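The file structure-v2.csv comes next; it holds CSV, C-alpha atoms.
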```
chain,number,residue,atom,x,y,z
A,1,MET,CA,0.0,0.0,0.0
A,2,LEU,CA,1.3,3.5,-0.9
A,3,ASN,CA,2.6,5.6,1.9
A,4,ALA,CA,2.3,9.2,0.7
A,5,TYR,CA,4.4,10.3,3.6
A,6,ALA,CA,7.5,8.1,2.8
A,7,THR,CA,9.2,10.9,0.9
A,8,ASN,CA,9.6,14.6,1.4
A,9,THR,CA,11.6,17.6,0.1
A,10,LEU,CA,14.1,17.8,3.0
A,11,GLN,CA,17.7,18.0,1.9
A,12,TYR,CA,20.8,18.4,4.1
A,13,ASP,CA,24.4,19.1,3.2
A,14,PRO,CA,26.5,18.0,6.1
A,15,SER,CA,29.7,19.6,4.6
A,16,LEU,CA,28.3,23.0,5.4
A,17,CYS,CA,27.4,22.2,9.0
A,18,ILE,CA,29.1,24.3,11.7
A,19,GLY,CA,27.6,22.3,14.6
A,20,CYS,CA,25.5,25.0,16.1
A,21,GLY,CA,22.7,22.5,16.9
A,22,VAL,CA,19.8,24.8,16.2
A,23,CYS,CA,18.2,22.3,13.7
A,24,ALA,CA,18.1,19.6,16.3
A,25,ASP,CA,16.6,22.1,18.8
A,26,VAL,CA,13.8,23.4,16.5
A,27,CYS,CA,12.6,20.2,14.9
A,28,PRO,CA,9.5,18.9,16.6
A,29,HIS,CA,10.0,15.4,15.2
A,30,GLY,CA,13.6,14.6,16.0
A,31,THR,CA,14.6,14.6,12.4
A,32,PHE,CA,18.1,15.9,13.2
A,33,GLU,CA,20.5,14.8,16.0
A,34,MET,CA,23.7,16.3,17.1
A,35,GLN,CA,26.6,13.8,17.3
A,36,GLY,CA,29.7,15.6,18.5
A,37,ARG,CA,30.0,18.9,16.5
A,38,LEU,CA,27.9,17.8,13.5
A,39,ALA,CA,24.2,17.5,12.9
A,40,TYR,CA,23.0,14.2,11.4
A,41,LEU,CA,19.8,13.7,9.5
A,42,VAL,CA,18.6,10.7,11.5
A,43,ASN,CA,14.9,10.4,10.7
A,44,GLN,CA,14.2,11.9,7.2
A,45,GLN,CA,10.7,10.3,7.1
A,46,ALA,CA,9.6,12.2,10.2
A,47,CYS,CA,10.0,15.5,8.5
A,48,MET,CA,6.7,17.4,8.2
A,49,GLU,CA,8.3,20.2,6.1
A,50,CYS,CA,7.5,23.0,8.6
A,51,GLY,CA,10.7,24.8,7.5
A,52,ALA,CA,12.0,25.6,11.0
A,53,CYS,CA,15.4,24.0,10.4
A,54,GLN,CA,15.9,25.7,7.1
A,55,LEU,CA,15.0,29.1,8.4
A,56,ASN,CA,17.2,28.8,11.5
A,57,CYS,CA,20.2,27.2,9.9
A,58,PRO,CA,22.8,30.1,9.8
A,59,VAL,CA,24.8,28.5,6.9
A,60,ASN,CA,21.9,27.4,4.7
A,61,ALA,CA,22.9,23.7,4.9
A,62,ILE,CA,19.2,22.7,4.9
A,63,ARG,CA,16.7,23.0,2.1
A,64,VAL,CA,13.1,22.1,2.3
A,65,GLU,CA,10.0,23.2,0.4
A,66,SER,CA,8.0,24.2,3.5
A,67,GLY,CA,4.3,24.5,3.5
A,68,VAL,CA,1.2,23.4,5.3
A,69,GLY,CA,0.3,19.8,5.2
A,70,CYS,CA,-3.3,20.5,5.1
A,71,ALA,CA,-5.7,19.0,2.5
A,72,ALA,CA,-8.4,21.6,3.2
A,73,ALA,CA,-6.1,24.5,2.4
A,74,MET,CA,-4.9,22.8,-0.8
A,75,ILE,CA,-8.4,22.0,-2.0
A,76,ARG,CA,-9.5,25.5,-1.3
A,77,ALA,CA,-6.5,26.9,-3.2
A,78,SER,CA,-7.1,24.7,-6.2
A,79,LEU,CA,-10.8,25.5,-6.3
A,80,ARG,CA,-9.9,29.2,-6.3
A,81,GLY,CA,-7.2,28.8,-8.9
A,82,GLN,CA,-4.5,30.0,-6.5
A,83,LYS,CA,-1.0,28.5,-6.8
A,84,GLU,CA,0.0,29.0,-3.2
A,85,GLU,CA,-2.2,27.5,-0.6
A,86,ALA,CA,-2.6,29.6,2.5
A,87,CYS,CA,-3.9,28.0,5.7
A,88,SER,CA,-7.0,29.9,6.7
A,89,CYS,CA,-8.3,28.2,9.7
A,90,GLY,CA,-7.8,31.4,11.6
B,1,MET,CA,13.4,62.7,29.5
B,2,THR,CA,11.7,59.7,27.9
B,3,THR,CA,8.3,58.3,28.8
B,4,ALA,CA,8.0,55.2,30.9
B,5,VAL,CA,7.9,51.9,29.1
B,6,GLU,CA,4.3,50.6,29.0
B,7,ILE,CA,4.1,47.2,30.9
B,8,THR,CA,0.7,45.6,31.6
B,9,PRO,CA,0.6,43.5,34.7
B,10,THR,CA,-0.8,40.0,34.4
B,11,THR,CA,-1.0,36.9,36.7
B,12,SER,CA,-0.7,33.2,36.3
B,13,ALA,CA,-4.2,32.6,37.6
B,14,LEU,CA,-7.0,31.7,35.1
B,15,THR,CA,-10.4,33.2,35.9
B,16,PHE,CA,-13.8,31.8,35.0
B,17,ALA,CA,-14.0,34.3,32.2
B,18,ASN,CA,-10.7,33.0,30.8
B,19,ARG,CA,-11.9,29.4,30.9
B,20,TRP,CA,-15.2,30.4,29.3
B,21,ASP,CA,-13.2,32.1,26.5
B,22,HIS,CA,-11.2,28.9,26.0
B,23,PHE,CA,-14.4,26.9,25.8
B,24,LEU,CA,-15.8,29.2,23.2
B,25,ALA,CA,-12.5,29.1,21.2
B,26,ARG,CA,-12.6,25.3,21.3
B,27,TRP,CA,-16.1,25.4,19.7
B,28,ALA,CA,-14.9,27.9,17.1
B,29,VAL,CA,-17.2,30.7,18.4
B,30,ASN,CA,-15.9,34.1,17.2
B,31,ARG,CA,-12.9,32.3,15.9
B,32,MET,CA,-10.7,35.3,15.3
B,33,GLY,CA,-11.8,37.2,18.4
B,34,HIS,CA,-9.8,35.4,21.1
B,35,ARG,CA,-7.0,38.0,21.5
B,36,VAL,CA,-5.0,39.9,24.0
B,37,GLU,CA,-3.3,43.2,23.2
B,38,PRO,CA,0.2,42.7,21.7
B,39,GLY,CA,2.9,44.2,23.9
B,40,LEU,CA,4.9,43.7,27.1
B,41,TYR,CA,3.4,42.1,30.2
B,42,SER,CA,4.8,41.6,33.7
B,43,LEU,CA,4.2,38.4,35.7
B,44,GLY,CA,4.8,38.5,39.4
B,45,HIS,CA,7.5,40.9,40.5
B,46,PRO,CA,10.1,40.9,37.7
B,47,THR,CA,13.5,42.6,38.0
B,48,PRO,CA,15.7,43.6,35.0
B,49,ASP,CA,17.4,40.2,35.3
B,50,SER,CA,14.1,38.3,34.9
B,51,PRO,CA,13.5,36.1,31.8
B,52,VAL,CA,11.4,37.2,28.9
B,53,PHE,CA,8.9,34.8,27.3
B,54,VAL,CA,7.5,35.4,23.9
B,55,THR,CA,4.1,34.2,22.8
B,56,ALA,CA,1.2,34.9,20.4
B,57,ASN,CA,-1.7,37.3,21.1
B,58,TYR,CA,-4.1,34.4,21.0
B,59,THR,CA,-5.8,33.8,24.4
B,60,LEU,CA,-5.2,30.1,24.4
B,61,SER,CA,-1.5,30.6,23.7
B,62,PHE,CA,-1.1,33.6,26.1
B,63,ASP,CA,-3.0,31.8,28.9
B,64,ALA,CA,-1.2,28.5,28.5
B,65,LEU,CA,2.1,30.4,29.0
B,66,ARG,CA,1.1,32.5,32.0
B,67,SER,CA,-0.7,29.7,33.8
B,68,ALA,CA,2.4,27.5,33.3
B,69,LEU,CA,4.5,30.1,35.0
B,70,LYS,CA,3.1,30.0,38.6
B,71,GLY,CA,5.5,31.6,41.0
B,72,VAL,CA,7.8,32.8,38.2
B,73,ASP,CA,8.7,36.4,38.0
B,74,GLY,CA,9.2,37.4,34.4
B,75,TYR,CA,8.1,39.3,31.3
B,76,ILE,CA,5.7,38.2,28.6
B,77,LEU,CA,6.1,39.7,25.1
B,78,ALA,CA,2.9,39.1,23.1
B,79,LEU,CA,3.5,39.3,19.4
B,80,ASP,CA,0.7,40.5,17.1
B,81,THR,CA,-0.3,37.3,15.4
B,82,GLN,CA,-3.9,38.5,14.8
B,83,GLY,CA,-5.3,36.1,17.3
B,84,ILE,CA,-3.6,33.0,15.8
B,85,ASN,CA,-1.7,30.4,17.9
B,86,VAL,CA,2.1,30.3,17.9
B,87,TRP,CA,2.6,27.3,15.5
B,88,CYS,CA,0.0,28.3,12.9
B,89,ALA,CA,1.2,31.9,13.0
B,90,ALA,CA,4.8,30.8,12.6
B,91,GLY,CA,3.7,28.9,9.5
B,92,LYS,CA,2.1,32.1,8.1
B,93,GLY,CA,5.1,34.2,9.2
B,94,THR,CA,3.1,36.5,11.5
B,95,PHE,CA,4.8,35.0,14.5
B,96,GLY,CA,8.0,35.9,12.7
B,97,THR,CA,11.4,37.6,12.6
B,98,ASP,CA,10.0,40.9,11.5
B,99,GLU,CA,7.2,41.1,14.1
B,100,LEU,CA,9.6,39.9,16.9
B,101,VAL,CA,12.2,42.6,16.0
B,102,LYS,CA,9.5,45.2,15.7
B,103,ARG,CA,7.9,44.3,19.0
B,104,ILE,CA,11.2,44.3,20.9
B,105,GLU,CA,11.9,47.8,19.6
B,106,ALA,CA,8.3,49.1,20.1
B,107,THR,CA,8.2,47.9,23.7
B,108,ARG,CA,11.7,49.1,24.3
B,109,LEU,CA,12.5,45.7,25.9
B,110,GLY,CA,16.2,46.6,25.9
B,111,GLU,CA,15.5,49.4,28.5
B,112,VAL,CA,13.4,47.0,30.7
B,113,VAL,CA,15.9,44.1,31.1
B,114,ASN,CA,19.7,44.0,31.6
B,115,HIS,CA,20.2,40.8,29.6
B,116,ARG,CA,19.7,40.2,25.9
B,117,VAL,CA,17.8,36.9,25.7
B,118,VAL,CA,14.2,36.1,24.7
B,119,ILE,CA,12.7,32.7,25.3
B,120,LEU,CA,10.5,31.5,22.4
B,121,PRO,CA,8.3,28.5,22.2
B,122,GLN,CA,10.0,25.9,20.0
B,123,LEU,CA,7.0,25.9,17.7
B,124,GLY,CA,7.6,29.5,16.8
B,125,ALA,CA,10.7,28.5,14.9
B,126,PRO,CA,9.1,28.0,11.5
B,127,GLY,CA,8.6,31.8,11.5
B,128,VAL,CA,11.6,33.1,13.3
B,129,ALA,CA,15.3,33.0,12.1
B,130,ALA,CA,17.1,33.2,15.5
B,131,HIS,CA,20.4,34.5,13.9
B,132,GLU,CA,18.5,37.2,12.1
B,133,VAL,CA,16.9,38.4,15.3
B,134,LYS,CA,20.4,38.5,16.9
B,135,LYS,CA,21.7,40.6,14.0
B,136,ARG,CA,18.8,43.0,13.8
B,137,ALA,CA,17.5,43.4,17.4
B,138,HIS,CA,20.6,42.3,19.3
B,139,PHE,CA,18.6,39.8,21.3
B,140,LYS,CA,19.5,36.1,21.5
B,141,VAL,CA,16.6,33.8,20.7
B,142,GLU,CA,16.5,30.8,23.0
B,143,TYR,CA,14.1,28.1,21.9
B,144,GLY,CA,12.3,26.7,24.9
B,145,PRO,CA,10.2,23.6,25.0
B,146,VAL,CA,7.2,22.8,22.7
B,147,ARG,CA,4.7,22.9,25.6
B,148,ALA,CA,4.4,25.8,28.1
B,149,GLU,CA,3.8,23.2,30.8
B,150,ASP,CA,7.4,22.1,30.6
B,151,LEU,CA,8.7,25.6,31.2
B,152,PRO,CA,9.2,25.3,35.0
B,153,GLU,CA,11.4,22.2,34.5
B,154,TYR,CA,13.2,23.9,31.5
B,155,LEU,CA,14.0,27.0,33.6
B,156,LYS,CA,16.0,25.0,36.1
B,157,THR,CA,18.7,24.2,33.6
B,158,ARG,CA,17.7,26.3,30.5
B,159,THR,CA,17.9,23.2,28.4
B,160,ALA,CA,15.1,21.1,26.9
B,161,THR,CA,15.2,17.4,27.1
B,162,PRO,CA,14.5,15.5,23.8
B,163,GLU,CA,11.1,14.7,25.2
B,164,MET,CA,10.3,18.4,25.6
B,165,ARG,CA,11.3,19.0,22.0
B,166,ARG,CA,8.9,16.6,20.5
B,167,VAL,CA,5.4,17.5,19.5
B,168,ARG,CA,2.8,14.9,20.4
B,169,PHE,CA,-0.7,14.2,19.3
B,170,THR,CA,-2.2,12.5,22.3
B,171,LEU,CA,-5.7,11.1,22.6
B,172,LYS,CA,-6.5,14.2,24.8
B,173,ASP,CA,-5.2,16.5,22.0
B,174,ARG,CA,-7.3,14.8,19.4
B,175,ILE,CA,-10.5,14.8,21.5
B,176,THR,CA,-10.0,18.5,22.1
B,177,LEU,CA,-10.2,19.0,18.3
B,178,ILE,CA,-13.6,17.2,17.9
B,179,PRO,CA,-15.8,20.3,18.6
B,180,VAL,CA,-14.0,22.4,16.0
B,181,GLU,CA,-14.3,19.5,13.5
B,182,LEU,CA,-18.0,19.1,14.2
B,183,VAL,CA,-18.7,22.9,13.9
B,184,ALA,CA,-17.0,22.7,10.5
B,185,VAL,CA,-19.7,20.3,9.2
B,186,LEU,CA,-22.5,21.8,11.2
B,187,ILE,CA,-24.6,23.1,8.3
B,188,PRO,CA,-24.6,19.9,6.3
B,189,LEU,CA,-25.1,17.9,9.5
B,190,LEU,CA,-28.2,20.0,10.4
B,191,ILE,CA,-29.6,19.6,6.8
B,192,LEU,CA,-29.1,15.8,7.0
B,193,ILE,CA,-30.8,15.7,10.4
B,194,VAL,CA,-33.8,17.5,8.9
B,195,ILE,CA,-34.0,15.1,5.9
B,196,GLY,CA,-33.3,12.2,8.2
B,197,SER,CA,-30.5,10.7,6.2
B,198,LYS,CA,-29.0,8.4,8.9
B,199,GLY,CA,-26.3,7.0,6.7
B,200,ALA,CA,-24.9,10.4,5.7
B,201,ILE,CA,-25.1,11.6,9.4
B,202,ALA,CA,-23.1,8.5,10.4
B,203,ALA,CA,-20.5,9.2,7.7
B,204,LEU,CA,-20.1,12.8,8.9
B,205,LEU,CA,-19.8,11.7,12.5
B,206,ALA,CA,-17.4,9.0,11.7
B,207,GLY,CA,-15.1,11.5,9.9
B,208,THR,CA,-15.3,14.2,12.6
B,209,VAL,CA,-15.8,12.4,15.9
B,210,LEU,CA,-14.7,8.8,15.6
B,211,PHE,CA,-11.7,9.5,13.4
B,212,PRO,CA,-9.8,11.9,15.6
B,213,ILE,CA,-10.2,9.4,18.5
B,214,LEU,CA,-9.2,6.3,16.5
B,215,LEU,CA,-6.5,7.8,14.2
B,216,PRO,CA,-3.4,6.0,15.4
B,217,TRP,CA,-5.1,2.6,15.6
B,218,ILE,CA,-6.6,2.5,12.1
B,219,PRO,CA,-4.1,0.7,9.8
B,220,THR,CA,-2.4,2.3,6.8
B,221,HIS,CA,-0.4,5.6,6.7
B,222,ASN,CA,-2.6,7.7,4.5
B,223,PHE,CA,-5.5,9.5,5.9
B,224,SER,CA,-7.7,8.8,2.8
B,225,THR,CA,-7.3,5.0,3.1
B,226,LYS,CA,-7.8,5.2,6.9
B,227,GLY,CA,-11.1,7.0,6.1
B,228,PHE,CA,-12.1,4.4,3.5
B,229,ILE,CA,-11.5,1.7,6.2
B,230,LEU,CA,-13.4,3.6,8.9
B,231,GLY,CA,-16.2,4.6,6.5
B,232,GLY,CA,-16.4,1.0,5.2
B,233,ILE,CA,-16.9,-0.4,8.7
B,234,VAL,CA,-19.6,2.3,9.4
B,235,ALA,CA,-21.3,1.4,6.1
B,236,ILE,CA,-21.6,-2.3,7.0
B,237,PRO,CA,-24.7,-2.1,9.3
B,238,PHE,CA,-26.4,0.3,6.9
B,239,ALA,CA,-25.7,-1.9,3.9
B,240,ILE,CA,-27.0,-5.0,5.7
B,241,ALA,CA,-30.1,-3.2,6.9
B,242,ALA,CA,-30.8,-1.9,3.4
B,243,PHE,CA,-30.3,-5.4,2.0
B,244,LEU,CA,-32.7,-7.0,4.6
B,245,LYS,CA,-35.3,-4.2,4.4
B,246,SER,CA,-37.6,-5.6,1.8
B,247,PRO,CA,-37.1,-9.4,1.4
B,248,GLU,CA,-39.8,-9.5,-1.2
B,249,SER,CA,-37.9,-7.3,-3.6
B,250,ALA,CA,-35.6,-8.7,-6.3
B,251,LEU,CA,-32.1,-9.6,-5.2
B,252,TRP,CA,-30.4,-7.1,-7.5
B,253,LEU,CA,-32.6,-4.3,-6.2
B,254,ARG,CA,-31.7,-5.2,-2.5
B,255,SER,CA,-28.0,-5.4,-3.5
B,256,ALA,CA,-28.1,-2.1,-5.3
B,257,TRP,CA,-29.5,-0.4,-2.1
B,258,ALA,CA,-26.7,-1.9,-0.1
B,259,LEU,CA,-24.2,-0.7,-2.6
B,260,VAL,CA,-25.5,2.9,-2.3
B,261,TYR,CA,-24.3,2.9,1.3
B,262,ALA,CA,-21.1,1.1,0.5
B,263,LEU,CA,-20.2,3.8,-2.0
B,264,LEU,CA,-21.5,6.9,-0.3
B,265,ILE,CA,-20.4,6.5,3.4
B,266,PRO,CA,-16.8,5.6,2.8
B,267,SER,CA,-16.3,8.4,0.2
B,268,ILE,CA,-17.8,11.0,2.6
B,269,THR,CA,-15.8,9.8,5.6
B,270,ALA,CA,-12.5,9.5,3.6
B,271,TYR,CA,-12.9,13.1,2.3
B,272,LEU,CA,-13.3,14.3,5.9
B,273,THR,CA,-10.4,12.3,7.2
B,274,LEU,CA,-8.2,13.6,4.4
B,275,ASN,CA,-9.2,17.1,5.5
B,276,PHE,CA,-8.1,16.2,9.1
B,277,THR,CA,-4.5,16.3,7.9
B,278,GLY,CA,-4.4,20.0,8.6
B,279,SER,CA,-5.4,19.5,12.2
B,280,THR,CA,-2.6,17.0,12.9
B,281,THR,CA,0.9,17.8,14.2
B,282,PHE,CA,2.9,15.7,11.7
B,283,THR,CA,1.6,15.6,8.0
B,284,SER,CA,3.9,17.1,5.4
B,285,ARG,CA,2.8,19.1,2.4
B,286,THR,CA,4.4,16.6,0.0
B,287,GLY,CA,2.6,13.7,1.6
B,288,VAL,CA,-0.8,15.4,1.7
B,289,LYS,CA,-0.4,16.4,-1.9
B,290,THR,CA,0.5,12.9,-2.9
B,291,GLU,CA,-2.5,11.4,-1.3
B,292,MET,CA,-4.8,14.1,-2.6
B,293,PHE,CA,-3.8,13.2,-6.2
B,294,ALA,CA,-4.1,9.5,-5.5
B,295,TYR,CA,-7.4,9.4,-3.6
B,296,ILE,CA,-9.6,12.4,-4.3
B,297,PRO,CA,-10.5,11.0,-7.8
B,298,VAL,CA,-11.5,7.7,-6.1
B,299,MET,CA,-13.6,9.5,-3.6
B,300,ALA,CA,-15.3,11.6,-6.3
B,301,TRP,CA,-16.1,8.5,-8.5
B,302,MET,CA,-17.4,6.6,-5.5
B,303,PHE,CA,-19.6,9.5,-4.3
B,304,GLY,CA,-20.8,10.2,-7.9
B,305,ALA,CA,-21.7,6.6,-8.6
B,306,GLY,CA,-23.4,6.2,-5.2
B,307,LEU,CA,-25.4,9.3,-5.7
B,308,LEU,CA,-26.5,8.3,-9.2
B,309,LEU,CA,-27.4,4.9,-8.1
B,310,ASN,CA,-29.4,6.3,-5.2
B,311,ILE,CA,-31.4,8.6,-7.5
B,312,ALA,CA,-31.9,5.8,-10.0
B,313,LEU,CA,-33.3,3.5,-7.3
B,314,ILE,CA,-35.7,6.2,-6.0
B,315,PHE,CA,-37.1,6.3,-9.6
B,316,VAL,CA,-37.3,2.5,-9.8
B,317,HIS,CA,-39.5,2.5,-6.6
```
Would you mind giving the structure from this file in structure tokens?
Amino acid sequence: MLNAYATNTLQYDPSLCIGCGVCADVCPHGTFEMQGRLAYLVNQQACMECGACQLNCPVNAIRVESGVGCAAAMIRASLRGQKEEACSCG
Amino acid sequence: MTTAVEITPTTSALTFANRWDHFLARWAVNRMGHRVEPGLYSLGHPTPDSPVFVTANYTLSFDALRSALKGVDGYILALDTQGINVWCAAGKGTFGTDELVKRIEATRLGEVVNHRVVILPQLGAPGVAAHEVKKRAHFKVEYGPVRAEDLPEYLKTRTATPEMRRVRFTLKDRITLIPVELVAVLIPLLILIVIGSKGAIAALLAGTVLFPILLPWIPTHNFSTKGFILGGIVAIPFAIAAFLKSPESALWLRSAWALVYALLIPSITAYLTLNFTGSTTFTSRTGVKTEMFAYIPVMAWMFGAGLLLNIALIFVH
């Protein structure tokens, strides 16, 4: 059976890492882990593409197409012909 | 001579009015109206060395923070997120670098405290670039725990355990969401109650009440397939009842009535469960998009076929 959540857009280049640890701190799903002075991508599949790591990485070692994982927002956007879905619960 | 910095006193005690406001927010009443004034607040008797906690100007966020800080002397900086919670506002960027820098300057926080540290909820991170705040406002952003309730423990060492850094989606969290899910389908639900369409009512309730409760225990990863499974189970008694209703009718006719339920209920429930993705704490945009492309056509065909069959059968009668 297809698991739609098996892949995501998270990409990490460890060669740029300066070991600040902020990615491991901000990720709510334990996607990154500090081992010594280097961040390791230990659980790629857990990524929900919130974008916190990318935004907080001071050396741009992380790339992710962040957005809301919300079907309601995407359905609304496609019905209105918008390219970018905006969450509009609130 | 400069004017005094405006600091509003607050407490960690929640009043009945606060709890009533939370109740209404949970039922989506006046959804955008649960706000506090953005700005600087004092909690207890803070000194210039006391910690500064940043939050959203949504009452549920602000109150969760202050009520978790019983006995703590400190400052609360409420950002203007237009009444949206921290995580959602961070996703939109309103709980963001610009607003934080602006609010630090507008409240003249630098004149209030001696230190240069602001403690942010971890879930504010999708909107805030800590290194940018440091550069622009000269304040160091410290990401505290995900949940305000862990703050007292966090403050002892100023480090968050891995457990404090993880977002959860407990049974209690999921049950808390049920009222909002129900209110979202309130109008169709009332219409169905008026027409007395029990199968459709069951499909709606399965998607909005049963699903949040049962989510982790329904097999498969995708929300759509979980919905097909749940809706399929809910459809069984309706299909059986429809089949047994008129034993004198032709077998094909009785089977066709059963099929109406088997097509309509799972497609409605699956559509609702797919829409629940936005309420969870873990679905990615890529994943939701993938399952939308895979399963919305299936739902549409099932629903369309079920509806046509239903209409055809009404004419046959």
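Nearest to chain A of all the residues B:Arg19, B:Arg66, B:Arg285, B:Lys92 is B:Arg285, counting all atoms listed in the file.
The list of residues with at least one atom within 6 Å of Pro266 in chain B, based on only C-alpha atoms and without residues fewer than 3 positions apart in the same chain, reads Phe228, Gly231, Gly232, Thr269 and Ala270 of chain B.
CA of Tyr41 in chain B lies 14.7 Å from CA of Glu105 in chain B.
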Inset, instruction - Pick out the residues sitting within 8 Å of range 63-78 of chain A, and hand them over as number ranges by chain; count all atoms listed in the file, and ignore anything fewer than 3 positions along from it in its own chain. - result: A: 9-12, 48-51, 54, 60, 81-88; B: 91, 274-279, 283-289, 292
Inset, instruction - Have a look at CA of Leu100 in chain B and CA of Tyr58 in chain B and let me know their distance in Å, one decimal. - result: 15.3 Å
Inset, instruction - May I ask which of the residues B:Pro162, B:Pro46, B:Gly74, B:Gly93 is the closest one to chain A, counting all atoms listed in the file? - result: B:Pro162
Inset, instruction - Might you pull out every residue within 12 Å of Leu77 in chain B, with only C-alpha atoms counted and same-chain residues fewer than 5 positions away left off, and present them as a PyMOL selection string? - result: chain B and resi 6-10+36-43+51-57+61-62+65-66+95+99-109+112+118-121
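Shortest separation to Glu33 in chain A among A:Leu79, A:Ala52, A:Leu2, A:Cys20 occurs at residue A:Cys20, atoms counted being all atoms listed in the file.
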Legend entry - Distance in Å - CA of Leu313 in chain B versus CA of Ile296 in chain B: 25.5 Å
Legend entry - Nearest to chain B, chosen from A:Leu55, A:Leu16, A:Cys23, A:Leu38, with all atoms listed in the file counted in the distances: A:Leu55
Inset, instruction - Name all residues at most 10 Å from Ile84 in chain B (count all atoms listed in the file; drop same-chain ones fewer than 4 positions away) and give them as a ChimeraX atom specification. - result: /A:89-90 /B:31-35,56-61,80,88-90,92,94-95
Inset, instruction - May I have the protein, DNA and RNA residues with any atom at most 10 Å from the point (11.2, 22.2, 13.1), counting only C-alpha atoms, written as a PyMOL selection string? - result: (chain A and resi 22-32+47-56) or (chain B and resi 122-126+165-167)
Inset, instruction - Can you work out which one of B:Ser249, B:Ser50, B:Thr273, B:Thr15 has the shortest atom-to-atom distance to chain A, counting all atoms listed in the file? - result: B:Thr273
Legend entry - Nearest-residue call for Ala148 in chain B, choices B:Val183, B:Ala250, B:Ala28, B:Ala68, using all atoms listed in the file: B:Ala68
Inset, instruction - Using all atoms listed in the file, find all polymer residues with an atom at most 7 Å away from the point (-28.0, 0.3, 0.2); report them as a list in words. - result: Phe238, Ala239, Ala242, Phe243, Ser255, Ala256, Trp257, Ala258, Leu259, Val260, Tyr261 and Ala262 of chain B
Just-selected residues, C-alpha atoms written as a tab-separated table (two decimals), in the frame of the given file:
```
chain	number	residue	atom	x	y	z
B	238	PHE	CA	-26.40	0.30	6.90
B	239	ALA	CA	-25.70	-1.90	3.90
B	242	ALA	CA	-30.80	-1.90	3.40
B	243	PHE	CA	-30.30	-5.40	2.00
B	255	SER	CA	-28.00	-5.40	-3.50
B	256	ALA	CA	-28.10	-2.10	-5.30
B	257	TRP	CA	-29.50	-0.40	-2.10
B	258	ALA	CA	-26.70	-1.90	-0.10
B	259	LEU	CA	-24.20	-0.70	-2.60
B	260	VAL	CA	-25.50	2.90	-2.30
B	261	TYR	CA	-24.30	2.90	1.30
B	262	ALA	CA	-21.10	1.10	0.50
```
